[in-house]
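Pasting work_18.tsv here (TSV, C-alpha atoms (C1' of nucleotides)):
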chain	number	residue	atom	x	y	z
E	217	MET	CA	110.84	103.11	82.62
E	218	ALA	CA	108.16	100.57	83.44
E	219	GLY	CA	106.07	101.81	80.55
E	220	GLU	CA	108.94	101.63	78.12
E	221	GLU	CA	109.74	98.08	79.11
E	222	LYS	CA	106.20	96.96	78.63
E	223	ARG	CA	106.11	98.47	75.19
E	224	GLU	CA	109.28	96.69	74.23
E	225	VAL	CA	107.79	93.43	75.36
E	226	LEU	CA	104.70	94.07	73.32
E	227	ARG	CA	106.70	94.73	70.22
E	228	GLU	CA	108.94	91.71	70.63
E	229	THR	CA	106.29	89.15	71.36
E	230	GLY	CA	104.13	90.73	68.70
E	231	GLN	CA	101.04	89.86	70.71
E	232	SER	CA	98.37	89.21	68.19
E	233	ALA	CA	96.69	92.49	67.53
E	234	SER	CA	93.40	90.89	66.80
E	235	GLY	CA	89.92	91.82	67.77
E	236	PRO	CA	88.09	95.10	67.66
E	237	PRO	CA	89.91	98.19	68.97
E	238	LEU	CA	89.57	99.34	72.55
E	239	LEU	CA	91.34	101.92	74.62
E	240	ILE	CA	91.55	101.60	78.38
E	241	LEU	CA	92.63	104.30	80.79
E	242	THR	CA	92.73	103.43	84.43
E	243	GLY	CA	94.73	103.95	87.60
E	244	PRO	CA	94.20	104.51	91.32
E	245	THR	CA	91.67	107.03	92.59
E	246	ALA	CA	92.65	110.63	92.38
E	247	VAL	CA	95.59	110.21	89.98
E	248	GLY	CA	93.82	112.42	87.52
E	249	LYS	CA	92.25	110.06	85.01
E	250	THR	CA	89.32	112.27	84.14
E	251	ALA	CA	91.10	115.21	82.58
E	252	LEU	CA	93.43	112.97	80.64
E	253	SER	CA	90.57	110.86	79.38
E	254	ILE	CA	88.93	113.89	77.84
E	255	SER	CA	92.07	114.86	75.96
E	256	LEU	CA	92.39	111.30	74.77
E	257	ALA	CA	88.80	111.08	73.63
E	258	LYS	CA	89.11	114.30	71.72
E	259	ALA	CA	92.37	113.26	70.11
E	260	VAL	CA	91.09	109.94	68.83
E	261	GLY	CA	87.43	110.61	68.28
E	262	GLY	CA	86.32	108.42	71.13
E	263	GLU	CA	83.40	107.94	73.45
E	264	ILE	CA	84.00	107.17	77.09
E	265	ILE	CA	82.55	104.28	79.01
E	266	SER	CA	82.87	104.61	82.75
E	267	ALA	CA	84.34	101.54	84.42
E	268	ASP	CA	83.38	102.56	87.89
E	269	SER	CA	81.22	100.67	90.33
E	270	MET	CA	79.88	103.76	92.09
E	271	GLN	CA	79.45	106.33	89.38
E	272	VAL	CA	76.71	104.22	87.86
E	273	TYR	CA	74.48	105.52	90.61
E	274	LYS	CA	72.37	108.63	90.42
E	275	HIS	CA	72.50	111.14	93.27
E	276	MET	CA	76.03	110.12	94.13
E	277	ASN	CA	78.12	112.81	92.57
E	278	ILE	CA	80.38	114.39	95.13
E	279	GLY	CA	81.51	111.27	96.93
E	280	SER	CA	82.11	109.28	93.79
E	281	ALA	CA	83.98	112.18	92.18
E	282	LYS	CA	81.77	111.90	89.14
E	283	ILE	CA	82.72	113.92	86.11
E	284	THR	CA	80.52	116.98	85.58
E	285	LYS	CA	78.71	117.90	82.41
E	286	GLN	CA	81.07	120.79	81.96
E	287	GLU	CA	84.19	118.69	82.40
E	288	MET	CA	82.96	116.35	79.71
E	289	GLN	CA	83.45	119.09	77.14
E	290	GLY	CA	80.99	117.49	74.82
E	291	VAL	CA	82.55	114.02	74.90
E	292	THR	CA	79.89	111.32	75.14
E	293	HIS	CA	79.92	109.28	78.34
E	294	HIS	CA	78.27	105.95	79.04
E	295	LEU	CA	77.29	104.05	82.18
E	296	LEU	CA	77.05	107.08	84.42
E	297	ASP	CA	73.86	107.71	86.37
E	298	ILE	CA	72.11	104.63	85.08
E	299	LEU	CA	70.81	103.29	88.39
E	300	GLU	CA	69.01	104.40	91.51
E	301	PRO	CA	71.11	103.93	94.63
E	302	TRP	CA	68.94	101.18	95.96
E	303	GLU	CA	69.43	99.01	92.90
E	304	ASP	CA	72.02	96.28	92.80
E	305	PHE	CA	74.90	96.28	90.44
E	306	ASN	CA	77.72	93.88	89.78
E	307	VAL	CA	80.35	92.80	87.28
E	308	VAL	CA	77.96	90.78	85.20
E	309	THR	CA	75.57	93.65	84.76
E	310	PHE	CA	78.46	95.91	84.03
E	311	GLN	CA	79.87	93.57	81.45
E	312	ARG	CA	76.57	93.29	79.65
E	313	ARG	CA	75.87	96.99	79.56
E	314	CYS	CA	79.41	97.79	78.63
E	315	LYS	CA	79.27	95.47	75.66
E	316	GLU	CA	76.05	97.11	74.55
E	317	ALA	CA	77.67	100.50	74.83
E	318	ILE	CA	80.71	99.36	72.87
E	319	ALA	CA	78.51	98.03	70.10
E	320	GLY	CA	76.73	101.35	69.89
E	321	ILE	CA	79.99	103.24	69.72
E	322	TYR	CA	81.30	101.09	66.89
E	323	GLY	CA	78.02	101.67	65.14
E	324	ARG	CA	78.66	105.38	65.25
E	325	GLY	CA	82.13	104.83	63.88
E	326	ASN	CA	83.80	105.90	67.07
E	327	LEU	CA	86.41	104.40	69.33
E	328	PRO	CA	85.38	103.14	72.77
E	329	ILE	CA	87.52	104.25	75.70
E	330	LEU	CA	87.06	102.46	78.99
E	331	VAL	CA	87.87	104.87	81.80
E	332	GLY	CA	87.65	104.11	85.49
E	333	GLY	CA	89.28	102.52	88.46
E	334	THR	CA	87.44	99.26	88.89
E	335	GLY	CA	89.99	96.75	87.66
E	336	PHE	CA	87.71	93.78	87.93
E	337	TYR	CA	85.14	95.38	85.65
E	338	ILE	CA	87.78	96.21	83.10
E	339	GLN	CA	89.06	92.67	83.14
E	340	ALA	CA	85.58	91.26	82.71
E	341	VAL	CA	85.18	93.21	79.50
E	342	LEU	CA	88.69	92.99	78.14
E	343	ARG	CA	88.90	89.23	78.51
E	344	ASP	CA	85.22	88.74	77.99
E	345	ILE	CA	85.04	86.48	81.00
E	346	ALA	CA	82.14	84.05	80.84
E	347	PHE	CA	80.10	84.29	83.98
E	348	THR	CA	77.48	81.73	84.81
E	349	GLU	CA	74.20	82.36	83.08
E	350	ASN	CA	72.42	81.24	86.18
E	351	GLU	CA	70.59	83.78	88.19
E	352	ASP	CA	72.04	83.90	91.63
E	353	ASP	CA	70.22	81.84	94.16
E	354	VAL	CA	69.46	84.31	96.91
E	355	ALA	CA	67.89	81.72	99.16
E	356	TYR	CA	70.90	79.45	99.01
E	357	ARG	CA	73.24	82.33	99.67
E	358	ARG	CA	71.24	83.37	102.68
E	359	GLU	CA	71.28	79.81	103.91
E	360	LEU	CA	75.07	79.75	103.72
E	361	GLU	CA	75.33	83.07	105.48
E	362	GLN	CA	73.22	81.77	108.29
E	363	PHE	CA	75.23	78.60	108.45
E	364	ALA	CA	78.39	80.65	108.82
E	365	GLU	CA	76.76	82.79	111.45
E	366	LYS	CA	75.92	79.74	113.50
E	367	ASN	CA	78.91	77.53	112.92
E	368	GLY	CA	81.66	79.94	112.02
E	369	ASP	CA	83.91	80.66	109.07
E	370	VAL	CA	85.89	77.51	109.45
E	371	ALA	CA	82.89	75.21	109.29
E	372	LEU	CA	81.76	76.97	106.14
E	373	HIS	CA	85.19	76.61	104.70
E	374	GLU	CA	85.10	72.89	105.43
E	375	LYS	CA	81.95	72.62	103.36
E	376	LEU	CA	83.91	74.07	100.48
E	377	GLN	CA	86.79	71.75	101.17
E	378	GLN	CA	84.45	68.85	100.53
E	379	VAL	CA	83.19	69.93	97.14
E	380	ASP	CA	86.09	71.98	95.78
E	381	ALA	CA	89.41	71.38	97.47
E	382	ALA	CA	91.31	73.60	95.08
E	383	SER	CA	89.18	76.60	95.92
E	384	ALA	CA	89.33	75.82	99.60
E	385	GLU	CA	93.08	75.86	99.26
E	386	ALA	CA	93.06	79.20	97.50
E	387	ILE	CA	90.49	81.04	99.58
E	388	PRO	CA	91.20	81.64	103.27
E	389	PRO	CA	88.34	80.78	105.65
E	390	GLY	CA	88.15	84.40	106.74
E	391	ASN	CA	87.11	85.49	103.28
E	392	GLN	CA	83.53	84.47	103.76
E	393	LYS	CA	82.25	86.28	100.73
E	394	ARG	CA	84.40	84.37	98.34
E	395	VAL	CA	83.87	81.08	100.15
E	396	ILE	CA	80.15	81.57	99.76
E	397	ARG	CA	80.43	82.44	96.11
E	398	ALA	CA	82.50	79.32	95.49
E	399	LEU	CA	79.92	77.18	97.23
E	400	GLU	CA	77.13	78.91	95.42
E	401	TYR	CA	78.83	78.32	92.10
E	402	PHE	CA	79.13	74.64	92.80
E	403	HIS	CA	75.53	74.50	93.93
E	404	LEU	CA	74.35	76.18	90.76
E	405	THR	CA	76.49	74.41	88.20
E	406	GLY	CA	77.78	71.25	89.80
E	407	GLU	CA	81.25	72.29	88.79
E	408	PRO	CA	83.98	73.60	91.10
E	409	ILE	CA	84.57	77.28	90.53
E	410	SER	CA	88.29	76.65	90.61
E	411	LEU	CA	87.93	74.75	87.35
E	412	HIS	CA	85.94	77.53	85.81
E	413	ASN	CA	88.44	80.12	86.94
E	414	GLU	CA	91.30	78.11	85.58
E	415	ARG	CA	89.61	77.94	82.23
E	416	GLU	CA	88.73	81.61	82.13
E	417	ARG	CA	92.22	82.62	83.12
E	418	GLN	CA	93.54	81.23	79.85
E	419	ARG	CA	91.39	83.50	77.77
E	420	PRO	CA	93.17	85.87	75.44
E	421	ASP	CA	92.05	89.46	75.22
E	422	ALA	CA	88.84	89.85	73.31
E	423	TYR	CA	89.96	93.18	71.94
E	424	ASN	CA	92.92	94.75	70.28
E	425	ALA	CA	93.39	96.90	73.32
E	426	CYS	CA	95.75	99.45	74.76
E	427	TYR	CA	95.66	99.19	78.53
E	428	PHE	CA	97.00	102.38	80.06
E	429	VAL	CA	97.53	102.65	83.79
E	430	LEU	CA	98.09	106.12	85.12
E	431	THR	CA	100.12	106.29	88.29
E	432	ASP	CA	102.21	108.62	90.42
E	433	ALA	CA	104.62	108.60	93.32
E	434	ARG	CA	102.89	107.16	96.35
E	435	THR	CA	103.33	110.26	98.49
E	436	ALA	CA	101.99	112.53	95.78
E	437	LEU	CA	99.02	110.25	95.29
E	438	TYR	CA	98.23	110.21	98.99
E	439	GLU	CA	98.41	113.98	99.14
E	440	ARG	CA	95.97	114.25	96.26
E	441	ILE	CA	93.62	111.86	97.99
E	442	GLU	CA	93.56	113.88	101.20
E	443	LYS	CA	93.05	117.07	99.31
E	444	ARG	CA	90.24	115.58	97.33
E	445	VAL	CA	88.43	114.32	100.40
E	446	ASP	CA	88.66	117.79	101.89
E	447	GLU	CA	87.20	119.19	98.69
E	448	MET	CA	84.35	116.71	98.81
E	449	MET	CA	83.55	117.89	102.29
E	450	SER	CA	83.45	121.52	101.26
E	451	GLN	CA	81.33	120.62	98.27
E	452	GLY	CA	78.73	119.20	100.59
E	453	LEU	CA	79.29	115.48	100.90
E	454	VAL	CA	77.37	115.40	104.15
E	455	ALA	CA	74.32	116.94	102.52
E	456	GLU	CA	74.57	114.51	99.64
E	457	VAL	CA	74.60	111.54	101.98
E	458	GLN	CA	71.80	113.03	104.06
E	459	ALA	CA	69.72	113.26	100.90
E	460	LEU	CA	70.46	109.63	100.11
E	461	LYS	CA	69.51	108.69	103.60
E	462	ASP	CA	66.26	110.58	103.24
E	463	MET	CA	65.61	108.62	100.06
E	464	GLY	CA	65.80	105.48	102.13
E	465	CYS	CA	69.34	104.37	101.41
E	466	ARG	CA	70.79	102.18	104.08
E	467	ARG	CA	74.02	100.53	104.94
E	468	GLY	CA	74.29	97.18	103.25
E	469	GLN	CA	73.10	98.32	99.86
E	470	THR	CA	75.68	98.07	97.12
E	471	ALA	CA	75.74	101.83	96.59
E	472	MET	CA	76.27	102.51	100.26
E	473	GLN	CA	79.46	100.49	100.21
E	474	GLY	CA	81.06	103.40	98.44
E	475	LEU	CA	83.96	105.11	100.12
E	476	GLY	CA	82.80	108.27	101.77
E	477	TYR	CA	79.19	107.15	101.84
E	478	LYS	CA	79.33	104.49	104.48
E	479	GLU	CA	81.50	106.65	106.72
E	480	ILE	CA	79.29	109.71	106.50
E	481	LEU	CA	76.26	107.53	106.99
E	482	ASP	CA	77.80	106.33	110.23
E	483	TYR	CA	78.34	109.89	111.29
E	484	LEU	CA	74.75	110.80	110.48
E	485	ASP	CA	73.63	107.83	112.53
E	486	GLY	CA	75.52	109.20	115.47
E	487	ILE	CA	78.52	106.90	115.24
E	488	GLY	CA	81.60	109.00	115.88
E	489	THR	CA	82.42	112.59	115.05
E	490	LEU	CA	82.57	114.15	111.64
E	491	GLU	CA	86.29	114.56	111.99
E	492	GLU	CA	86.70	110.86	112.65
E	493	ALA	CA	84.59	110.05	109.65
E	494	VAL	CA	86.67	112.28	107.40
E	495	ASN	CA	89.89	110.76	108.63
E	496	ARG	CA	88.54	107.32	108.02
E	497	ILE	CA	87.54	108.23	104.50
E	498	LYS	CA	91.04	109.46	103.80
E	499	GLN	CA	92.58	106.40	105.34
E	500	GLU	CA	90.40	103.95	103.51
E	501	THR	CA	90.79	105.76	100.24
E	502	ARG	CA	94.54	105.41	100.59
E	503	HIS	CA	94.13	101.72	101.22
E	504	PHE	CA	91.88	101.48	98.24
E	505	ALA	CA	94.40	103.17	95.97
E	506	LYS	CA	96.99	100.69	97.12
E	507	ARG	CA	94.73	97.76	96.31
E	508	GLN	CA	94.03	99.16	92.88
E	509	LEU	CA	97.74	99.40	92.19
E	510	THR	CA	98.18	95.78	93.25
E	511	TRP	CA	95.52	94.77	90.80
E	512	PHE	CA	97.04	96.63	87.88
E	513	ARG	CA	100.51	95.33	88.58
E	514	ARG	CA	99.16	91.87	88.11
E	515	GLU	CA	97.42	92.58	84.83
E	516	ARG	CA	99.38	91.62	81.78
E	517	ASP	CA	100.38	93.90	78.93
E	518	VAL	CA	99.66	97.16	80.63
E	519	VAL	CA	101.37	100.39	79.70
E	520	TRP	CA	102.24	102.43	82.75
E	521	LEU	CA	102.06	106.20	82.61
E	522	ASP	CA	103.90	107.54	85.61
E	523	ARG	CA	103.40	111.17	86.52
E	524	SER	CA	106.48	111.14	88.73
E	525	GLN	CA	108.57	110.85	85.57
E	526	TYR	CA	107.45	114.33	84.63
E	527	SER	CA	107.77	115.83	88.06
E	528	GLY	CA	109.17	119.16	86.92
E	529	LYS	CA	106.15	119.86	84.77
E	530	SER	CA	102.69	121.17	85.46
E	531	ARG	CA	99.77	118.76	85.45
E	532	GLU	CA	98.67	120.00	82.06
E	533	GLN	CA	102.14	119.46	80.66
E	534	GLN	CA	102.28	116.00	82.17
E	535	ASP	CA	98.96	115.15	80.60
E	536	ALA	CA	100.19	116.43	77.25
E	537	CYS	CA	103.29	114.25	77.43
E	538	MET	CA	101.32	111.20	78.42
E	539	LEU	CA	98.77	111.80	75.71
E	540	GLU	CA	101.61	111.66	73.22
E	541	VAL	CA	102.74	108.33	74.62
E	542	MET	CA	99.23	106.95	74.45
E	543	LEU	CA	98.74	108.03	70.87
E	544	GLN	CA	102.08	106.52	69.95
E	545	VAL	CA	101.17	103.16	71.47
E	546	ALA	CA	97.75	103.23	69.85
E	547	ARG	CA	99.35	103.86	66.48
E	548	GLU	CA	101.75	100.98	66.92
E	549	LYS	CA	98.82	98.73	67.60
E	550	GLY	CA	97.04	99.96	64.56
E	551	ILE	CA	94.16	101.32	66.57
E	552	ILE	CA	94.51	104.81	65.21
E	553	GLU	CA	96.18	106.29	62.13
N	98	G	C1'	114.29	123.78	144.10
N	99	G	C1'	110.97	119.63	146.28
N	100	A	C1'	107.39	115.56	145.40
N	101	U	C1'	105.56	112.21	142.07
N	102	C	C1'	104.50	109.53	137.57
N	103	G	C1'	106.50	108.12	133.12
N	104	G	C1'	110.38	107.23	128.93
N	105	U	C1'	109.26	100.11	124.88
N	106	A	C1'	108.55	100.09	116.81
N	107	G	C1'	106.22	105.84	112.64
N	108	U	C1'	101.95	106.24	116.56
N	109	C	C1'	99.06	104.41	120.83
N	110	C	C1'	100.01	100.83	124.32
N	111	A	C1'	101.01	95.71	127.21
N	112	G	C1'	104.78	93.57	129.61
N	113	C	C1'	104.98	88.19	137.85
N	114	G	C1'	113.44	88.70	136.89
N	115	G	C1'	113.59	83.86	131.79
N	116	C	C1'	111.59	88.46	126.11
N	117	G	C1'	115.12	87.00	120.73
N	118	A	C1'	109.34	91.84	123.66
N	119	A	C1'	101.96	91.05	123.32
N	120	G	C1'	98.03	93.91	121.06
N	121	A	C1'	96.12	97.83	117.98
N	122	C	C1'	96.82	101.56	114.21
N	123	A	C1'	99.84	103.37	110.35
N	124	A	C1'	103.33	101.83	106.49
N	125	G	C1'	104.59	97.83	103.01
N	126	U	C1'	103.29	93.29	100.06
N	127	G	C1'	99.75	90.12	97.98
N	128	A	C1'	94.96	87.55	96.58
N	129	C	C1'	90.68	88.59	93.77
N	130	U	C1'	86.41	85.47	87.60
N	131	G	C1'	78.35	87.73	89.98
N	132	U	C1'	78.50	92.60	96.46
N	133	A	C1'	85.18	94.54	93.83
N	134	A	C1'	85.07	102.07	96.48
N	135	A	C1'	83.62	95.14	98.40
N	136	U	C1'	86.06	91.00	100.85
N	137	C	C1'	90.38	88.66	102.56
N	138	A	C1'	95.66	87.16	103.48
N	139	C	C1'	100.75	88.12	104.65
N	140	C	C1'	104.41	91.14	106.75
N	141	C	C1'	106.14	94.74	110.31
N	142	A	C1'	111.33	96.21	117.37
N	143	C	C1'	118.99	98.27	114.25
N	144	G	C1'	122.01	94.86	111.49
N	145	G	C1'	123.02	89.97	109.53
N	146	A	C1'	120.82	85.13	108.77
N	147	G	C1'	119.73	78.24	106.85
N	148	A	C1'	120.23	77.47	112.01
N	149	A	C1'	122.96	78.90	116.21
N	150	A	C1'	125.55	82.88	118.46
N	151	C	C1'	125.99	88.27	118.87
N	152	A	C1'	122.82	92.94	119.28
N	153	C	C1'	117.56	95.24	121.28
N	154	C	C1'	113.11	98.27	125.58
N	155	G	C1'	116.19	106.95	126.92
N	156	G	C1'	121.94	106.72	128.63
N	157	A	C1'	125.79	104.75	131.97
N	158	G	C1'	126.87	101.57	135.79
N	159	G	C1'	125.37	97.72	139.44
N	160	U	C1'	122.74	93.27	141.73
N	161	U	C1'	121.62	88.29	139.55
N	162	C	C1'	122.75	81.88	136.66
N	163	G	C1'	119.58	85.33	134.02
N	164	A	C1'	117.16	92.47	133.77
N	165	G	C1'	112.70	95.76	129.50
N	166	U	C1'	111.35	94.13	134.42
N	167	C	C1'	115.25	95.29	140.73
N	168	C	C1'	119.12	99.23	142.61
N	169	U	C1'	122.22	103.86	141.77
N	170	C	C1'	123.38	108.07	138.95
N	171	C	C1'	122.48	111.00	134.53
N	172	C	C1'	119.31	112.85	130.45
N	173	C	C1'	114.22	113.91	128.69
N	174	G	C1'	108.78	114.65	129.42
N	175	G	C1'	103.96	115.05	132.31
N	176	U	C1'	101.53	116.41	136.85
N	177	C	C1'	101.52	118.59	141.75
N	178	C	C1'	103.91	121.71	145.59
N	179	A	C1'	107.02	125.88	146.12

How does the structure come out when it is put into structure tokens?
Amino acid sequence: MAGEEKREVLRETGQSASGPPLLILTGPTAVGKTALSISLAKAVGGEIISADSMQVYKHMNIGSAKITKQEMQGVTHHLLDILEPWEDFNVVTFQRRCKEAIAGIYGRGNLPILVGGTGFYIQAVLRDIAFTENEDDVAYRRELEQFAEKNGDVALHEKLQQVDAASAEAIPPGNQKRVIRALEYFHLTGEPISLHNERERQRPDAYNACYFVLTDARTALYERIEKRVDEMMSQGLVAEVQALKDMGCRRGQTAMQGLGYKEILDYLDGIGTLEEAVNRIKQETRHFAKRQLTWFRRERDVVWLDRSQYSGKSREQQDACMLEVMLQVAREKGIIE
RNA sequence: GGAUCGGUAGUCCAGCGGCGAAGACAAGUGACUGUAAAUCACCCACGGAGAAACACCGGAGGUUCGAGUCCUCCCCGGUCCA
């Protein structure tokens, strides 16, 4: 239904199929991207690049639901386990390393497949968003944080109002992180970030891409999430987090923002019971899935693959059907034979 | 059987006789251009709606200008005594 419509639109508008080829497979957590991505990679001769903000970290396997060596079935994966958990990571770093990986894959004559649930990262690569070259000014950021601490969100927001009214309009005072970034951007470049964003929004895709979004009925998705969290627990999530804690990982680090990690860390620090922590993980993972869906709905030219359309079939059969659809779309775009 | 406390949204829970019903959670929707598994916003008590009026706090009556709030009876649940 939704997928079909999108494809029609693509055909009619004949969106310029320019740029190097790229396959994207994404969707909310726990829809079952991993297995499908392997079939896809095998079918098209592709290498997978993980578009996931947590799986880049070493020692975070259970909680991030990282693919195992065995599950890879020989398919090459990139951007997994590239950082220690105390290192910072962000879109810009991702974009750079992803582009490097893509270049390498083309060099080997293979097709890059971006697989993962971090929509922002995917967008950064697909549209080749230009981020500021400036290093971030940690001191200035800290200064703003302290200002907000003392004077409140609203006062900080007023600062933004003065230099960049458009951004102030768009960002609510409560969203301190984005208010700070907007101020920081202005501080660094002398240009309002709203202008920059406006410009970047116009960018066409940098690739001849197929953007597949795997989804499912909400209830089914939520059930899968709960089941998966339970599995993580039995696989030893607590021990994994304990090990991270022993390595010196603390709340506040980028890696420890991961779902499942911050909650278990709380538990290990004596905040609440294990049961409460588990329930919170489930809850927040559901919220997260919802946010992901919101993001993908907003992206243009996506092809939806909805499991609920194949509800009578087994997962393997569903995957087989969806693989067919993906190959069909890729052929139409001239990405594969 | 007697005593007593309570029945308000999916859940928990506020509510001096002026309530078209507070708060929290869940659910839903959305934003997002260097922390994105982050951060934030909106919405949420039948229906209908531009506004008004009607309807709403277990059920039925009553008192009152006015009842979720007081009274009576009934139904349901907790606790205590038998």

Would you write out, as JSON lines, a table of all residues in chain N that have an atom no more than 8 Å from an atom of chain E, listing for each the closest atom pair and the distance in Å to one decimal, considering all atoms listed in the file and ordering rows by chain and rising residue number?
{"residue": "N:G127", "atom": "C1'", "partner": "E:Thr510", "partner_atom": "CA", "distance": 7.5}
{"residue": "N:U130", "atom": "C1'", "partner": "E:Asn413", "partner_atom": "CA", "distance": 5.8}
{"residue": "N:G131", "atom": "C1'", "partner": "E:Val308", "partner_atom": "CA", "distance": 5.7}
{"residue": "N:U132", "atom": "C1'", "partner": "E:Thr470", "partner_atom": "CA", "distance": 6.2}
{"residue": "N:A133", "atom": "C1'", "partner": "E:Phe336", "partner_atom": "CA", "distance": 6.5}
{"residue": "N:A134", "atom": "C1'", "partner": "E:Gly474", "partner_atom": "CA", "distance": 4.7}
{"residue": "N:A135", "atom": "C1'", "partner": "E:Gln473", "partner_atom": "CA", "distance": 7.0}
{"residue": "N:U136", "atom": "C1'", "partner": "E:Lys393", "partner_atom": "CA", "distance": 6.1}
{"residue": "N:C137", "atom": "C1'", "partner": "E:Asn391", "partner_atom": "CA", "distance": 4.6}
{"residue": "N:A138", "atom": "C1'", "partner": "E:Pro388", "partner_atom": "CA", "distance": 7.1}

Spatial neighbours of region 153-167 of chain N, max dist 9 Å, all atoms listed in the file, sep filter under 2 positions, as a list in words: G104, U105, G112, G114, G115, C116, G117, A118, A142, C143, U169, C170, C171, C172 and C173 of chain N

Point-to-point distance from CA of Leu239 (chain E) to CA of Phe428 (chain E), Å rounded to tenths: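 CA of Phe428 (chain E) lies at a distance of 7.9 Å from CA of Leu239 (chain E).
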
Gap from CA of Val291 (chain E) to CA of Arg313 (chain E) - Å, one decimal: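 Straight-line distance from CA of Val291 (chain E) to CA of Arg313 (chain E) works out to 18.9 Å.
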
Computed interatomic separation between CA of Leu330 (chain E) and CA of Asp522 (chain E) (Å): 18.8 Å

Minimum-distance residue to Ala257 (chain E), chosen among E:Arg466, E:His293, E:Lys549, E:Arg312 (using only C-alpha atoms):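 The shortest atom-to-atom distance to Ala257 (chain E) comes from E:His293.
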
Test item: which residues lie within 12 Å of (82.7, 80.4, 112.1) counting only C-alpha atoms (C1' of nucleotides), as JSON, numbers by chain: {"E": [360, 361, 362, 363, 364, 365, 366, 367, 368, 369, 370, 371, 372, 373, 374, 375, 389, 390, 391, 392]}

Include C-alpha atoms and write out the residues we just selected as a PDB file, in the frame of the given file.
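selection26.pdb written:
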ATOM      1  CA  LEU E 360      75.070  79.750 103.720  1.00  0.00           C
ATOM      2  CA  GLU E 361      75.330  83.070 105.480  1.00  0.00           C
ATOM      3  CA  GLN E 362      73.220  81.770 108.290  1.00  0.00           C
ATOM      4  CA  PHE E 363      75.230  78.600 108.450  1.00  0.00           C
ATOM      5  CA  ALA E 364      78.390  80.650 108.820  1.00  0.00           C
ATOM      6  CA  GLU E 365      76.760  82.790 111.450  1.00  0.00           C
ATOM      7  CA  LYS E 366      75.920  79.740 113.500  1.00  0.00           C
ATOM      8  CA  ASN E 367      78.910  77.530 112.920  1.00  0.00           C
ATOM      9  CA  GLY E 368      81.660  79.940 112.020  1.00  0.00           C
ATOM     10  CA  ASP E 369      83.910  80.660 109.070  1.00  0.00           C
ATOM     11  CA  VAL E 370      85.890  77.510 109.450  1.00  0.00           C
ATOM     12  CA  ALA E 371      82.890  75.210 109.290  1.00  0.00           C
ATOM     13  CA  LEU E 372      81.760  76.970 106.140  1.00  0.00           C
ATOM     14  CA  HIS E 373      85.190  76.610 104.700  1.00  0.00           C
ATOM     15  CA  GLU E 374      85.100  72.890 105.430  1.00  0.00           C
ATOM     16  CA  LYS E 375      81.950  72.620 103.360  1.00  0.00           C
ATOM     17  CA  PRO E 389      88.340  80.780 105.650  1.00  0.00           C
ATOM     18  CA  GLY E 390      88.150  84.400 106.740  1.00  0.00           C
ATOM     19  CA  ASN E 391      87.110  85.490 103.280  1.00  0.00           C
ATOM     20  CA  GLN E 392      83.530  84.470 103.760  1.00  0.00           C
TER      21      GLN E 392
END

Within 9 Å of Ile441 (chain E) using only C-alpha atoms (C1' of nucleotides), minus same-chain residues under 4 positions, as a list in words: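 What passes the distance filter is Thr245, Ala246, Val247, Ala436, Leu437, Val445, Asp446, Lys498, Thr501, Arg502 and Ala505 of chain E.
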
All residues 9 Å or closer to Leu481 (chain E), only C-alpha atoms (C1' of nucleotides), same chain fewer than 2 positions away omitted, as a ChimeraX atom specification: /E:454,457-458,461,466-467,472,476-479,483-487

Residue neighbourhood C141 (chain N), 10 Å, all atoms listed in the file, exclusion window fewer than 6 positions, as a PyMOL selection string: chain N and resi 106+124-125

Cys537 (chain E) environment, 10 Å, all atoms listed in the file, sequence neighbours closer than 6 positions dropped, as a list in words: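 Selected residues are Leu521, Arg523, Tyr526, Lys529 and Arg531 of chain E.
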
Suppose we keep C-alpha atoms; can you now write the selection as a JSON list (two decimals), in the coordinates of the input?
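Saved to out_11.json:
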[["chain", "number", "residue", "atom", "x", "y", "z"],
["E", 521, "LEU", "CA", 102.06, 106.20, 82.61],
["E", 523, "ARG", "CA", 103.40, 111.17, 86.52],
["E", 526, "TYR", "CA", 107.45, 114.33, 84.63],
["E", 529, "LYS", "CA", 106.15, 119.86, 84.77],
["E", 531, "ARG", "CA", 99.77, 118.76, 85.45]]
